[in-house]
Amino acid sequence: MSGEAPGILIVGAGPAGTRAAETLVAHGMAAILVDEGQRSGGQIYRQPPQGFTRPAEALYGFEARKARSVHAALASLGEALDYRPGTLVWNIEKGIAHTLGPDGVGRIAFDSIVLATGAMDRVIPFPGWTLPGVFTMGGAQVALKAQGCAIGEPVVFMGTGPLLYLVAYQYVHAGARVAAVLDTSRAGAAIPVLPGLLWGGRTFAKGLWYMTWLRAAGIPVRAGITPVAADGERALEAVLYRDRRGRERRIACTGLGIGYSVKSEVQLAELAGCEMAFDPLAQQWLPEADEDGRALKGSIYLAGDGAGVAGADAAELRGRLAALALLADRGIAIDRALQARLRGRLRRIMRFRNALERALPAPFHLARTLPDETVICRCEAITAGDIRQGRALEPAELNRAKAFTRVGMGRCQGRVCGPAAAQILAAARGCDVAEVGRLRGQAPVKPLSIRAGAAAAVEDRARAASI
Ligand SMILES: Cc1cc2nc3c(=O)[nH]c(=O)nc-3n(C[C@H](O)[C@H](O)[C@H](O)COP(=O)(O)OP(=O)(O)OC[C@H]3O[C@@H](n4cnc5c(N)ncnc54)[C@H](O)[C@@H]3O)c2cc1C
């Protein structure tokens, strides 16, 4: 693997990575595609384990046709693509991707890389969120999609964003008992951005359909709520929230799905050398790239939600555009008319996405006022109060707070707790969240066993000795 000449590496076999691979192969290029998942499809078109027989219509609903198309696209590439499932990229440095796959640790040398690493749940902690029975929205969906089971009985979904209604709909549809859907966004927040939402066309209509369907099915849907706590002795027994009039409410449940849309997975982009810039709408540091996904330096291309969350249809377009940019940069003739059409479609989707973020904003202000004793970093048991102590640090920067408190040093590497920790530190300092910076990307980007890490170190040492 490591002895191969450097070529094109794609990380991520979701809709973006799949379309990038398809485009490259269609132009006669060889490429390696790796994904840590055992089966392709990414998050939205996640496939159940081999042998599970739930039909595509039940798994993907309105998206069944698109799911089939993306799965078929990858399957059709056959041996023209070197596809390596079950392979995690845990570090990138100097043109080498460090991997952990079925045969253990490895290295893939590349001269161009397409990063299509997708997104993950955006979490805003609150008292009790670490109780057994509380899941992220994505985790709740994975339980249903991949394993065909519900996270509790009954289940409450709380947060905001399109996934809130979609996952609740999928649960009810699959026969689970959903006690309520609690949305932190206000019902009227969509009105000022309605013209932008209309650019969403079918996608917007589907969102409205899920909301209406849930209400018609008798599921209580409450907007403008404020989370108070997840309550229970040893495991979740109820969720407490304040309704839009400020009255405290309690709903008994054994499963709670929480989430505020999703955030881009950007660690590999940072390790690969991308410049990062703060995006005020997403409240996240994102890799800088042009409209086609071409990073500012190096032969790095960003595609899909990893370049900024825009949804599955945009991910397919961005996968194609990134591959076309790569081909053009290598002097290979591409269809410029097609490129222009893809860009036009992407711009329309981006108008919709921007309006959606404004209509269903993640309530980061809630993190800023959390009680001192609330756990923020669950891996290291670091509380909001611990982070606030960092207010006196100079420079008032998140990585300093990490060094002093260990926030973000655990298994998630700050991917879950980092955004909330930044908000808390910024509020304590009385400054904008962009001013406290971000937790720098560190390898391994996802948990790696000590055995695998040691094997990689031994291989590196042997390689250095042989040079
Ligand atoms: C949990 C979750 C559930 C979602 N469910 C829905 C839904 O039901 N409907 C909907 O419309 N949208 C959903 N979304 C949003 C939707 O998934 C995305 O908009 C779309 O899938 C983006 O496609 P993508 O190809 O950019 O990324 P993804 O589909 O996320 O694919 C990224 C791929 O990269 C792989 N990967 C990431 N990091 C590494 C690494 N270091 N090494 C190797 N492989 C890696 C992942 O395993 C994954 O397969 C969901 C998002 C999340 C996070």
# chains A, B, ... in the order shown; residues from 1 in each chain; ligands from 1

$ residues_around --residues "Val375 of chain A" --least-positions-apart "4" --cutoff "8 Å" --atoms "only C-alpha atoms" --output "list in words"
Pro125, Phe126, Pro127, Thr130, Ala381, Ile382, Thr383 and Ala384 of chain A

$ residues_around --residues "segment 342-348 of chain A" --least-positions-apart "4" --cutoff "12 Å" --atoms "only C-alpha atoms" --output "PyMOL selection string"
chain A and resi 195-201+290-293+303-304+310-322+324-325+335-338+352-355

$ write_last_selection --atoms "N, CA and C atoms" --output "short mmCIF file (atom, residue, chain, number, x, y, z; two decimals), in the first residue's frame"
data_model
loop_
_atom_site.label_atom_id
_atom_site.label_comp_id
_atom_site.auth_asym_id
_atom_site.auth_seq_id
_atom_site.Cartn_x
_atom_site.Cartn_y
_atom_site.Cartn_z
N PRO A 195 -38.65 33.90 1.35
CA PRO A 195 -38.20 33.87 -0.06
C PRO A 195 -37.01 32.93 -0.26
N GLY A 196 -36.07 32.93 0.68
CA GLY A 196 -34.91 32.03 0.59
C GLY A 196 -35.33 30.57 0.72
N LEU A 197 -36.29 30.32 1.62
CA LEU A 197 -36.73 28.93 1.83
C LEU A 197 -37.39 28.37 0.57
N LEU A 198 -38.06 29.25 -0.17
CA LEU A 198 -38.75 28.77 -1.38
C LEU A 198 -37.77 28.24 -2.43
N TRP A 199 -36.49 28.67 -2.35
CA TRP A 199 -35.49 28.10 -3.26
C TRP A 199 -35.32 26.61 -3.02
N GLY A 200 -35.75 26.14 -1.85
CA GLY A 200 -35.58 24.72 -1.51
C GLY A 200 -36.53 23.81 -2.28
N GLY A 201 -37.60 24.38 -2.86
CA GLY A 201 -38.53 23.59 -3.67
C GLY A 201 -39.01 22.34 -2.96
N ASP A 290 -12.70 27.47 -2.92
CA ASP A 290 -13.52 28.22 -3.87
C ASP A 290 -14.84 27.46 -4.11
N GLU A 291 -15.63 28.01 -5.00
CA GLU A 291 -16.98 27.47 -5.24
C GLU A 291 -16.96 25.99 -5.66
N ASP A 292 -15.89 25.57 -6.30
CA ASP A 292 -15.81 24.18 -6.76
C ASP A 292 -15.20 23.25 -5.70
N GLY A 293 -14.78 23.83 -4.57
CA GLY A 293 -14.21 22.99 -3.51
C GLY A 293 -12.69 22.93 -3.54
N ALA A 303 -15.41 18.40 -0.66
CA ALA A 303 -16.71 18.12 -1.27
C ALA A 303 -17.71 17.74 -0.19
N GLY A 304 -18.97 18.11 -0.41
CA GLY A 304 -20.03 17.68 0.49
C GLY A 304 -20.07 18.47 1.78
N ALA A 310 -24.68 21.52 3.62
CA ALA A 310 -25.63 21.98 2.59
C ALA A 310 -26.58 20.88 2.16
N GLY A 311 -26.47 19.68 2.76
CA GLY A 311 -27.42 18.61 2.44
C GLY A 311 -26.94 17.67 1.34
N ALA A 312 -27.72 16.61 1.17
CA ALA A 312 -27.28 15.50 0.32
C ALA A 312 -27.26 15.85 -1.17
N ASP A 313 -28.26 16.62 -1.64
CA ASP A 313 -28.27 16.96 -3.07
C ASP A 313 -27.06 17.84 -3.41
N ALA A 314 -26.77 18.79 -2.51
CA ALA A 314 -25.59 19.64 -2.72
C ALA A 314 -24.32 18.79 -2.65
N ALA A 315 -24.32 17.78 -1.78
CA ALA A 315 -23.13 16.93 -1.65
C ALA A 315 -22.82 16.24 -2.98
N GLU A 316 -23.85 15.75 -3.65
CA GLU A 316 -23.61 15.11 -4.96
C GLU A 316 -23.02 16.12 -5.95
N LEU A 317 -23.62 17.33 -5.97
CA LEU A 317 -23.11 18.35 -6.89
C LEU A 317 -21.67 18.72 -6.56
N ARG A 318 -21.40 18.88 -5.26
CA ARG A 318 -20.06 19.29 -4.86
C ARG A 318 -19.02 18.19 -5.10
N GLY A 319 -19.45 16.93 -5.02
CA GLY A 319 -18.54 15.83 -5.34
C GLY A 319 -18.13 15.91 -6.80
N ARG A 320 -19.11 16.16 -7.66
CA ARG A 320 -18.82 16.26 -9.10
C ARG A 320 -17.94 17.48 -9.38
N LEU A 321 -18.30 18.61 -8.76
CA LEU A 321 -17.55 19.84 -9.02
C LEU A 321 -16.10 19.73 -8.55
N ALA A 322 -15.90 19.10 -7.39
CA ALA A 322 -14.53 18.96 -6.87
C ALA A 322 -13.70 18.10 -7.82
N LEU A 324 -14.24 17.67 -11.03
CA LEU A 324 -13.99 18.43 -12.27
C LEU A 324 -12.86 19.45 -12.05
N ALA A 325 -12.84 20.08 -10.88
CA ALA A 325 -11.77 21.05 -10.58
C ALA A 325 -10.42 20.34 -10.59
N ASP A 335 -16.09 19.10 -19.32
CA ASP A 335 -17.28 19.70 -19.94
C ASP A 335 -17.62 20.99 -19.18
N ARG A 336 -17.22 22.13 -19.74
CA ARG A 336 -17.41 23.41 -19.04
C ARG A 336 -18.90 23.76 -18.90
N ALA A 337 -19.72 23.34 -19.88
CA ALA A 337 -21.15 23.64 -19.80
C ALA A 337 -21.78 22.89 -18.63
N LEU A 338 -21.34 21.63 -18.48
CA LEU A 338 -21.84 20.83 -17.35
C LEU A 338 -21.41 21.49 -16.03
N PHE A 352 -31.17 28.39 -0.33
CA PHE A 352 -32.12 27.71 0.56
C PHE A 352 -31.46 27.38 1.91
N ARG A 353 -30.23 26.83 1.84
CA ARG A 353 -29.55 26.42 3.09
C ARG A 353 -29.31 27.62 4.00
N ASN A 354 -28.92 28.75 3.42
CA ASN A 354 -28.68 29.93 4.25
C ASN A 354 -29.96 30.37 4.94
N ALA A 355 -31.08 30.32 4.20
CA ALA A 355 -32.36 30.71 4.81
C ALA A 355 -32.74 29.71 5.90
#

$ residues_near_ligand --ligand "ligand 1" --cutoff "6 Å" --atoms "only C-alpha atoms and all ligand atoms" --output "ChimeraX atom specification"
/A:11-17,34-37,42-44,87-90,116-121,138,262,304-306,310-312,315

$ closest_residue --among "A:Gln413, A:Ser299, A:Gln423, A:Ser185" --to "Ile113 of chain A" --atoms "only C-alpha atoms"
A:Ser299

$ residues_around --residues "Asn91 of chain A" --least-positions-apart "3" --cutoff "12 Å" --atoms "only C-alpha atoms" --output "PyMOL selection string"
chain A and resi 11+88+94-100+105-108+267-273+441-448+453+456

$ write_last_selection --atoms "C-alpha atoms" --output "compact mmCIF listing (two decimals), in the first residue's frame"
# COMPACT_ATOMS: atom_id res chain seq x y z
CA VAL A 11 -11.92 10.09 1.78
CA LEU A 88 -10.35 5.02 8.75
CA LYS A 94 2.98 15.64 4.07
CA GLY A 95 1.03 13.85 1.35
CA ILE A 96 0.47 10.70 3.40
CA ALA A 97 -2.87 9.51 4.77
CA HIS A 98 -2.42 7.27 7.80
CA THR A 99 -5.07 4.59 7.87
CA LEU A 100 -6.48 1.85 10.04
CA VAL A 105 -2.40 0.35 10.19
CA GLY A 106 -1.27 1.56 6.78
CA ARG A 107 -0.26 4.59 4.74
CA ILE A 108 -1.58 5.90 1.45
CA GLN A 267 -10.23 17.79 11.20
CA LEU A 268 -8.67 16.04 8.20
CA ALA A 269 -8.90 19.23 6.13
CA GLU A 270 -7.04 21.08 8.85
CA LEU A 271 -4.38 18.36 9.18
CA ALA A 272 -3.98 18.34 5.38
CA GLY A 273 -3.06 22.03 5.57
CA GLY A 441 -7.16 19.43 14.74
CA GLN A 442 -5.03 16.68 16.24
CA ALA A 443 -4.26 13.13 15.16
CA PRO A 444 -5.80 10.70 15.70
CA VAL A 445 -8.97 12.40 14.53
CA LYS A 446 -11.01 9.48 15.83
CA PRO A 447 -10.26 7.01 18.64
CA LEU A 448 -7.42 4.63 17.86
CA GLY A 453 -1.03 3.70 17.47
CA ALA A 456 1.99 2.96 13.35

$ atom_distance --atom1 "atom CA of Gln147 of chain A" --atom2 "atom CA of Cys377 of chain A"
27.8 Å

$ closest_residue --among "A:Val134, A:Ala140, A:Val172, A:Met211" --to "Val239 of chain A" --atoms "only C-alpha atoms"
A:Val134

$ select_by_dssp --residues "segment 143-224 of chain A" --states "alpha helix (DSSP H)" --output "short mmCIF file (atom, residue, chain, number, x, y, z; two decimals) with N, CA and C atoms, in the first residue's frame"
data_model
loop_
_atom_site.label_atom_id
_atom_site.label_comp_id
_atom_site.auth_asym_id
_atom_site.auth_seq_id
_atom_site.Cartn_x
_atom_site.Cartn_y
_atom_site.Cartn_z
N ALA A 143 -29.60 4.04 14.97
CA ALA A 143 -30.21 2.88 15.63
C ALA A 143 -31.36 2.34 14.78
N LEU A 144 -32.13 3.27 14.21
CA LEU A 144 -33.28 2.85 13.41
C LEU A 144 -32.85 2.34 12.03
N LYS A 145 -31.97 3.14 11.36
CA LYS A 145 -31.60 2.79 9.98
C LYS A 145 -30.75 1.53 9.91
N ALA A 146 -29.75 1.46 10.82
CA ALA A 146 -28.79 0.36 10.70
C ALA A 146 -29.26 -0.88 11.45
N GLN A 147 -29.97 -0.69 12.55
CA GLN A 147 -30.31 -1.85 13.38
C GLN A 147 -31.81 -2.10 13.50
N PRO A 162 -33.63 20.50 10.39
CA PRO A 162 -34.45 19.59 9.59
C PRO A 162 -34.47 18.16 10.12
N LEU A 163 -33.36 17.72 10.72
CA LEU A 163 -33.32 16.33 11.20
C LEU A 163 -34.33 16.08 12.31
N LEU A 164 -34.66 17.13 13.08
CA LEU A 164 -35.58 16.97 14.21
C LEU A 164 -36.90 16.35 13.73
N TYR A 165 -37.47 16.96 12.69
CA TYR A 165 -38.76 16.49 12.21
C TYR A 165 -38.63 15.20 11.40
N LEU A 166 -37.53 15.12 10.65
CA LEU A 166 -37.33 13.94 9.82
C LEU A 166 -37.19 12.68 10.68
N VAL A 167 -36.35 12.75 11.70
CA VAL A 167 -36.11 11.56 12.53
C VAL A 167 -37.38 11.19 13.30
N ALA A 168 -38.09 12.22 13.81
CA ALA A 168 -39.35 11.93 14.52
C ALA A 168 -40.33 11.23 13.57
N TYR A 169 -40.40 11.73 12.35
CA TYR A 169 -41.29 11.13 11.33
C TYR A 169 -40.88 9.67 11.08
N GLN A 170 -39.56 9.46 10.92
CA GLN A 170 -39.09 8.09 10.63
C GLN A 170 -39.42 7.15 11.79
N TYR A 171 -39.30 7.65 13.02
CA TYR A 171 -39.63 6.82 14.18
C TYR A 171 -41.11 6.44 14.20
N VAL A 172 -41.96 7.45 14.03
CA VAL A 172 -43.41 7.17 14.08
C VAL A 172 -43.77 6.21 12.95
N HIS A 173 -43.20 6.47 11.79
CA HIS A 173 -43.46 5.65 10.62
C HIS A 173 -43.05 4.19 10.85
N LEU A 194 -38.63 33.55 4.25
CA LEU A 194 -39.46 32.71 3.37
C LEU A 194 -39.00 32.72 1.90
N PRO A 195 -38.65 33.90 1.35
CA PRO A 195 -38.20 33.87 -0.06
C PRO A 195 -37.01 32.93 -0.26
N GLY A 196 -36.07 32.93 0.68
CA GLY A 196 -34.91 32.03 0.59
C GLY A 196 -35.33 30.57 0.72
N LEU A 197 -36.29 30.32 1.62
CA LEU A 197 -36.73 28.93 1.83
C LEU A 197 -37.39 28.37 0.57
N LEU A 198 -38.06 29.25 -0.17
CA LEU A 198 -38.75 28.77 -1.38
C LEU A 198 -37.77 28.24 -2.43
N ARG A 202 -38.70 21.21 -3.54
CA ARG A 202 -39.17 19.91 -3.04
C ARG A 202 -38.67 19.63 -1.62
N THR A 203 -37.42 20.03 -1.35
CA THR A 203 -36.84 19.77 -0.03
C THR A 203 -37.62 20.53 1.04
N PHE A 204 -37.94 21.79 0.73
CA PHE A 204 -38.71 22.61 1.67
C PHE A 204 -40.10 21.99 1.87
N ALA A 205 -40.71 21.57 0.77
CA ALA A 205 -42.04 20.97 0.84
C ALA A 205 -42.02 19.72 1.71
N LYS A 206 -40.94 18.94 1.59
CA LYS A 206 -40.85 17.70 2.40
C LYS A 206 -40.78 18.04 3.89
N GLY A 207 -40.01 19.09 4.22
CA GLY A 207 -39.90 19.51 5.62
C GLY A 207 -41.27 19.88 6.18
N LEU A 208 -42.05 20.65 5.39
CA LEU A 208 -43.39 21.04 5.84
C LEU A 208 -44.29 19.81 6.00
N TRP A 209 -44.10 18.87 5.07
CA TRP A 209 -44.89 17.64 5.11
C TRP A 209 -44.62 16.87 6.42
N TYR A 210 -43.34 16.73 6.80
CA TYR A 210 -43.02 16.00 8.03
C TYR A 210 -43.71 16.65 9.24
N MET A 211 -43.64 17.98 9.30
CA MET A 211 -44.25 18.69 10.44
C MET A 211 -45.76 18.46 10.47
N THR A 212 -46.38 18.62 9.30
CA THR A 212 -47.83 18.49 9.22
C THR A 212 -48.25 17.06 9.53
N TRP A 213 -47.51 16.12 8.99
CA TRP A 213 -47.82 14.70 9.18
C TRP A 213 -47.75 14.34 10.66
N LEU A 214 -46.71 14.84 11.35
CA LEU A 214 -46.55 14.53 12.78
C LEU A 214 -47.75 15.07 13.57
N ARG A 215 -48.13 16.31 13.26
CA ARG A 215 -49.28 16.90 13.97
C ARG A 215 -50.55 16.09 13.69
N ALA A 216 -50.72 15.73 12.41
CA ALA A 216 -51.92 14.97 12.03
C ALA A 216 -51.93 13.60 12.71
#

$ select_by_dssp --residues "segment 294-392 of chain A" --states "strand (DSSP E)" --output "ChimeraX atom specification"
/A:300-302,375-377,382-383

$ write_last_selection --atoms "N, CA and C atoms" --output "short mmCIF file (atom, residue, chain, number, x, y, z; two decimals), in the first residue's frame"
data_model
loop_
_atom_site.label_atom_id
_atom_site.label_comp_id
_atom_site.auth_asym_id
_atom_site.auth_seq_id
_atom_site.Cartn_x
_atom_site.Cartn_y
_atom_site.Cartn_z
N ILE A 300 -5.69 19.99 -2.73
CA ILE A 300 -6.72 19.50 -1.80
C ILE A 300 -8.08 20.00 -2.30
N TYR A 301 -9.05 19.10 -2.33
CA TYR A 301 -10.39 19.44 -2.80
C TYR A 301 -11.39 19.03 -1.73
N LEU A 302 -12.37 19.91 -1.50
CA LEU A 302 -13.36 19.64 -0.45
C LEU A 302 -14.72 19.45 -1.08
N VAL A 375 -22.02 19.21 32.94
CA VAL A 375 -20.89 18.57 32.25
C VAL A 375 -20.90 19.02 30.79
N ILE A 376 -19.76 19.48 30.31
CA ILE A 376 -19.65 19.88 28.90
C ILE A 376 -18.85 18.83 28.14
N CYS A 377 -17.66 18.49 28.68
CA CYS A 377 -16.81 17.48 28.05
C CYS A 377 -17.03 16.17 28.81
N ILE A 382 -15.48 17.46 32.37
CA ILE A 382 -15.18 18.88 32.58
C ILE A 382 -16.49 19.66 32.53
N THR A 383 -16.70 20.52 33.54
CA THR A 383 -17.98 21.24 33.63
C THR A 383 -17.87 22.64 33.02
#

$ residues_around --residues "Val123 of chain A" --least-positions-apart "5" --cutoff "7 Å" --atoms "only C-alpha atoms" --output "PyMOL selection string"
chain A and resi 259-260+416

$ write_last_selection --atoms "C-alpha atoms" --output "short mmCIF file (atom, residue, chain, number, x, y, z; two decimals), in the first residue's frame"
data_model
loop_
_atom_site.label_atom_id
_atom_site.label_comp_id
_atom_site.auth_asym_id
_atom_site.auth_seq_id
_atom_site.Cartn_x
_atom_site.Cartn_y
_atom_site.Cartn_z
CA GLY A 259 -29.52 17.77 18.18
CA TYR A 260 -29.26 21.13 16.49
CA VAL A 416 -18.72 17.13 20.42
#

$ closest_residue --among "A:Leu33, A:Ala223, A:Ile124, A:Ile151" --to "Arg177 of chain A" --atoms "only C-alpha atoms"
A:Ile151

$ closest_residue --among "A:Met409, A:Asp82, A:Tyr45, A:Arg429" --to "Phe62 of chain A" --atoms "only C-alpha atoms"
A:Tyr45

$ atom_distance --atom1 "atom CA of Ala282 of chain A" --atom2 "atom CA of Ala403 of chain A"
25.8 Å

$ closest_residue --among "A:Ala289, A:Gly308, A:Gly161, A:Pro85" --to "Met350 of chain A" --atoms "only C-alpha atoms"
A:Gly308

$ atom_distance --atom1 "atom CA of Ala238 of chain A" --atom2 "atom CA of Thr254 of chain A"
6.9 Å

$ closest_residue --among "A:Ala428, A:Glu265, A:Gln47, A:Arg461" --to "Arg415 of chain A" --atoms "only C-alpha atoms"
A:Glu265
